[in-house]
Amino acid sequence: MPTRNCEFTNEKLNFTLNNDIKYRLGRDAKNEDDMASMSFEPPSNDLIQEAFPQIQSLALHDKGGFKAVYRIEIGGRVEAFKLILIPSYEGNPDADSLRQESIGRVRREVAALASCAGPEIVKLGSLPLASVKIANVDYVGYSEEFLEGKDLWNLFNSGMPKPPEAELRLLFATLLKAIRELWGHGYIHRDIKPKNVMKLNNPARQFVLLDLGIAYSVQETGLTANPGQRMPLATYRYLAPEMMSLNFRETIDYRCDLYTAAMTVFEYGAQQHPLAQSKDDMMRTISRALHQPAEALSKLRPDLSADFCQLIDQMLKKKPALRPANLNLLIKRMENGL
Amino acid sequence: MKLFAQHGASEGDKINEGFARDLLDGVIYSPRDVSLDSLQSKLDFLAKEYPGSERLIDPQYYAIFLNGTEEARLGYLLENYGDYFQARRRGQLEREKQIQQDLTATLKFQTGLKVTGIIAPNILIPNSLNSIEAVIAKNFIRLAAEEHRKLKDPRPLYATLAISRNALGDKQELVEFLNEITLLDDPPQGFYVLISARNAEARSDIYNTDVIAAWMFINHTLTVNGFEVINGYSDMLTPFLGAAGGKAGAFGWWSNLRSFSLDRFAPAAGGGRLPIQRYLSLALLNRIAYYEFDQLRELVPGVLNKLPTDLLYNQTDPKDPKIRIGSEPQRNMEVIQSWEAVKTLNGLLVTGEQKKSLKNCSAAVAKARMTYEAIEGVSIRLDGKSNSEHLQPLAEGLQLFNKLAELE
C-alpha cells in the first residue's frame with residue numbers, strides 16, 4: 001500500500017504526488033487481493049426486493065467497493081442484478097457533482113451496453129435502470145444477463161494449467177471485437193482486466209467482457225467532476241501509460257484498451273502480470289507502467305508462437321502509436337492464423 | 001527493402017539502364033521534369049518491358065504555394081499538369097472542401113496512367129507538427145482514402161507525408177502527430193514519406209541524430225500499424241529506414257534527387273557547375289570523389305565494393321586495357337554505381353528480423369569508422385562531403401530510434 005503522501009477515505013483512495021497533482025483512483029484502485037476489504041455492506045435482500053418488486057428471488061453473487069451483484073429470478077428467468085451505491089459525499093464541497101458523476105457513470109454503462117449487440121460484451125437484462133432509496137441511502141440498480149462461468153482472475157488463481165495458444169488467440173480476438181464494437185459507438189472501456197472477463201461453459205461464446213462502469217465516451221460531455229484536479233478512475237495494475245498524461249481526456253482512444261486487453265491475455269496466458277509484482281505498492285506499479293518495458297511473453301511461454309508473442313509484446317508498448325491499431329486486420333490475424 | 005529511382009531532370013537512359021541491370025524495383029516520376037506525353041510513354045514502356053516494376057508519380061503538390069511566385073522553377077507542372085496543379089494559398093486549404101477537390105483532381109489524373117499505385121497530394125509541414133500546416137496535412141491524409149474510393153481504382157493509395165527536418169526536433173509533437181495519423185477511420189494503404197532539408201547540399205540537415213531517429217521512427221510506427229512506407233529521396237539512409245520497417249527507398253542522380261528540398265522549385269540563386277563525380281563505398285557508408293577513390297583503391301582496398309559497377313570507375317589505357325589510368329566514370333553511370341551499392345547494402349543489412357537488421361546497421365557504422373581510421377592512417381585528407389561526419393549522427397540516430405521505438 002502507498003505510504004508516502006497518501007490519504008485514504010472510506011470509499012475512494014486519494015493520494016498526492018509532487019505536492020500538486022491529486023490522484024484519485026476509483027473503487028478498484030487496489031490489488032485484486034484486497035478487493036474484498038473495500039466492499040460495502042449491501043442492504044438486506046428483503047429491503048432490496050421491496051425497492052425492486054419485480055425481483056422474485058435474489059442471492060448475493062459478488063460484491064466490490066460500491067457494487068453488489070446478485071443472482072436473481074425475474075419473470076421466470078435468471079439474471080444478474082447490479083445494485084450500486086451512490087455515496088452521499090457528506091461534507092465534501094463537491095458532493096452534488098460527485099453524486100451526479102456516480103449516477104452518470106451507471107447511466108453511461110447502461111447506455112453503452114444497450115448500444116452493443118455483439119456476443120463479446122455482456123447484455124442487459126429485463127430490469128431497467130432505476131434509482132431507489134433504501135434505508136435512507138441512495139442506490140441505482142439494473143439487471144444484466146447472468147453468465148455461467150468464472151472470471152479469468154479467479155481461473156488462473158485457482159491453479160488451472162496454462163491455456164494453449166488457440167485459447168489465448170480466441171480470448172484476444174474476443175476482446176478485440178469488443179473494443180471494436182465499443183469504439184464504433186464512441187466508447188473506451190478503460191477497465192479491461194482478467195477480473196472483468198468471464199470464461200463461459202459455452203463453446204460458441206467462450207469469453208465475455210463485463211463492467212463498463214468507468215467507460216469513457218469520446219462523443220459525450222465528460223462526467224468527471226473537477227477533472228483538472230483528478231486522475232482517471234482505473235485499476236492501477238491495468239492502467240495504460242497514456243492514462244497518466246495530464247491531458248489524457250483530450251487524447252485517449254481505443255489503444256488504451258488494446259494495451260489492457262494484451263495485458264489481460266498476457267496475464268491469463270503466463271499467469272503472471274507483465275509488469276506489476278505482488279509486493280509492489282500502487283506508486284511502484286504505476287511507475288513500472290510508465291517507464292519499465294513489459295516482460296516478453298516468449299520468456300514465460302516459450303511454447304507459444306513467436307508471432308503471437310511479438311504481437312502481444314508490441315501491444316504493451318508505452319506509446320499508443322506503437323500498438324498496431326487496425327482492429328479488423330488484428331482480428332483476422334487472430335482468427336485465421338498469424 | 002526495395003529500391004526505386006527518384007526521377008528528375010536529365011534522365012537520359014539512366015532509369016532504363018537501372019532496370020536493365022536489375023538494380024531497381026520501381027520508379028517515382030517527377031512531373032516537374034517531364035512532359036505529360038513523355039511521362040505517358042515512359043510509363044507505357046516500363047509497364048511493357050518491366051511489368052513487375054512499381055511505377056509511381058509524385059504529384060509534387062507540396063510545391064503548390066510557389067505557383068504564382070515569379071521565377072519559381074516549376075517546369076512542366078504549370079504547362080502540363082494544370083488538372084491538379086493550380087495556385088493555392090494556405091488559407092484556401094484550411095477549407096475541407098478545397099482539400100477534397102484537390103485530392104480528387106490529383107488522384108483522378110493518376111488513374112488514367114499506367115502507374116501501379118496512386119500517391120495522394122499533400123503540403124509540406126515546414127516548422128512544427130503542431131501547426132496550421134500540420135492540421136492541413138492531416139486533413140489531406142484523412143480524406144485521401146475516401147476520395148480514392150470514389151474513383152473505384154483498385155491500385156494502392158499512398159498518402160504523402162512531407163515534413164521539414166525542422167519539424168522533427170520536438171519528439172513529443174512527433175509522437176502525438178503519429179498517434180493521430182495511425183488512427184484513421186479510413187486509412188490509405190501506405191505513405192510516401194519525404195523529409196526535407198533546407199537545401200540539397202545541406203548534408204548535416206539530414207545527417208543529424210534527431211532527424212535520422214525521427215525518420216526511422218516514422219517508418220517503424222507506420223509499418224507496425226500495417227502501412228507500407230515508401231521513402232522518397234532516402235539515398236544512403238535507405239537500408240536504415242528498411243531496418244526500421246520501411247518498404248522502399250528512392251533516390252536519383254543529382255544531389256537534389258538524393259535529398260528532398262523545396263529549394264529545387266524555388267527561384268534559382270545563381271548558376272551552378274556540374275558536380276564532381278563520386279563513388280559510393282559500402283564500407284564508408286558514403287560517397288567519395290572519384291579522385292579520392294582513385295588514390296584509396298590501392299591504399300585502402302576496403303573502400304572497394306567489389307561489385308560489377310566498380311568497372312565503371314576503371315578507366316584504362318586504350319592501348320593496354322590492363323593499365324588503369326584513372327577512376328572517373330561516365331557522368332551518366334555514377335547513379336548506376338550508387339543504385340547497385342545501395343541495393344547491395346539493403347540486402348546485407350535488412351533481414352526479415354528487425355532486431356538483427358538494426359544490429360547489422362550498427363555493425364556497418366562501426367565498420368565505416370574503422371575504414372575511415374584506415375584512411376587517416378595513410379594520410380589522405382578527404383573533402384567535406386567525403387569525410388566521416390555522417391557516422392556520429394548515424395550511430396546516435398540508431399540509438400535514439402531504439403529508445404523512441406521502445407526496442408531496448
# chains A, B, ... in the order shown; residues from 1 in each chain; ligands from 1
>>> residues_around(residues="Gly169 in chain B", least_positions_apart="3", cutoff="12 Å", atoms="only C-alpha atoms", output="VMD selection string")
chain B and resid 126 to 130 163 to 166 172 to 175 205 to 206 208 to 215
>>> interface_residues(of="chain B", to="chain A", cutoff="10 Å", atoms="only C-alpha atoms", output="PyMOL selection string")
chain B and resi 175-185+187+217+220-227+404-408
>>> closest_residue(among="A:Gln56, A:Glu144, A:Pro42, A:Pro119", to="Phe81 in chain A", atoms="only C-alpha atoms")
A:Glu144
>>> residues_around(residues="Gly125 in chain A", least_positions_apart="4", cutoff="9 Å", atoms="only C-alpha atoms", output="list in words")
Glu79, Ala80, Phe81, Tyr142, Ser143, Glu144, Glu145 and Phe146 of chain A
>>> residues_around(residues="range 153-165 of chain A", least_positions_apart="6", cutoff="7 Å", atoms="only C-alpha atoms", output="PyMOL selection string")
chain A and resi 194-195+268-271+304
>>> write_last_selection(atoms="C-alpha atoms", output="tab-separated table (two decimals), in the first residue's frame")
chain	number	residue	atom	x	y	z
A	194	PRO	CA	-8.86	-10.54	-16.00
A	195	LYS	CA	-11.48	-9.85	-13.35
A	268	TYR	CA	-4.05	-15.21	-18.39
A	269	GLY	CA	-1.52	-16.97	-20.60
A	270	ALA	CA	1.55	-16.62	-18.41
A	271	GLN	CA	-0.28	-16.48	-15.08
A	304	LEU	CA	3.75	-20.03	-27.92
>>> select_by_dssp(residues="range 65-109 of chain A", states="strand (DSSP E or B)", output="list in words")
Lys67, Ala68, Val69, Tyr70, Arg71, Ile72, Glu73, Ile74, Arg77, Val78, Glu79, Ala80, Phe81, Lys82, Leu83, Ile84, Leu85 and Ile86 of chain A
>>> atom_distance(atom1="CA of Ser261 in chain B", atom2="CA of Leu46 in chain B")
27.3 Å
>>> closest_atom_pairs(of="range 309-344 of chain B", to="range 297-300 of chain B", cutoff="12 Å", atoms="only C-alpha atoms", output="tab-separated table")
residue	atom	partner	partner_atom	distance
B:Asp310	CA	B:Arg297	CA	10.5
B:Tyr313	CA	B:Arg297	CA	10.5
B:Asn314	CA	B:Arg297	CA	10.5
B:Arg324	CA	B:Glu298	CA	11.5
B:Gly326	CA	B:Arg297	CA	10.8
B:Ser327	CA	B:Arg297	CA	9.4
>>> residues_around(residues="Ala87 in chain B", least_positions_apart="5", cutoff="7 Å", atoms="only C-alpha atoms", output="mmCIF file with N, CA and C atoms, in the first residue's frame")
data_model
loop_
_atom_site.group_PDB
_atom_site.id
_atom_site.type_symbol
_atom_site.label_atom_id
_atom_site.label_comp_id
_atom_site.auth_asym_id
_atom_site.auth_seq_id
_atom_site.Cartn_x
_atom_site.Cartn_y
_atom_site.Cartn_z
ATOM 1 N N ILE B 64 2.984 23.697 -54.389
ATOM 2 C CA ILE B 64 1.873 24.484 -54.932
ATOM 3 C C ILE B 64 1.883 25.943 -54.453
ATOM 4 N N PHE B 65 2.418 26.166 -53.250
ATOM 5 C CA PHE B 65 2.437 27.557 -52.777
ATOM 6 C C PHE B 65 3.416 28.411 -53.580
ATOM 7 N N ASN B 67 3.481 28.226 -56.791
ATOM 8 C CA ASN B 67 2.787 28.538 -58.040
ATOM 9 C C ASN B 67 2.314 29.986 -57.936
ATOM 10 N N GLY B 68 2.792 30.817 -58.782
ATOM 11 C CA GLY B 68 2.465 32.244 -58.669
ATOM 12 C C GLY B 68 3.675 33.044 -58.245
#
>>> residues_around(residues="Lys193 in chain A", least_positions_apart="3", cutoff="10 Å", atoms="only C-alpha atoms", output="list in words")
Asp151, Leu152, Trp153, Arg190, Asn196, Val197, Leu209, Leu210, Thr235, Arg237, Tyr238, Leu239, Asp257, Thr260, Ala261, Ala262, Met263, Thr264, Val265, Glu267 and Tyr268 of chain A
>>> select_by_dssp(residues="range 19-161 of chain A", states="alpha helix (DSSP H)", output="ChimeraX atom specification")
/A:45-51,95-115,152-157
>>> closest_residue(among="A:Ala204, A:Ala289, A:Val110, A:Leu258", to="Leu175 in chain A", atoms="only C-alpha atoms")
A:Leu258
>>> closest_residue(among="B:Ala72, B:Ala159, B:Leu66, B:Met333", to="Thr106 in chain B", atoms="only C-alpha atoms")
B:Ala159
>>> closest_residue(among="B:Ser41, B:Ser204, B:Asn305, B:Ser379", to="Gln392 in chain B", atoms="only C-alpha atoms")
B:Ser204
>>> closest_residue(among="B:Thr309, B:Ser362, B:Asn122, B:Thr116", to="Leu280 in chain B", atoms="only C-alpha atoms")
B:Thr309
>>> closest_residue(among="A:Leu327, A:Ala276, A:Cys309, A:Leu316", to="Tyr259 in chain A", atoms="only C-alpha atoms")
A:Leu316
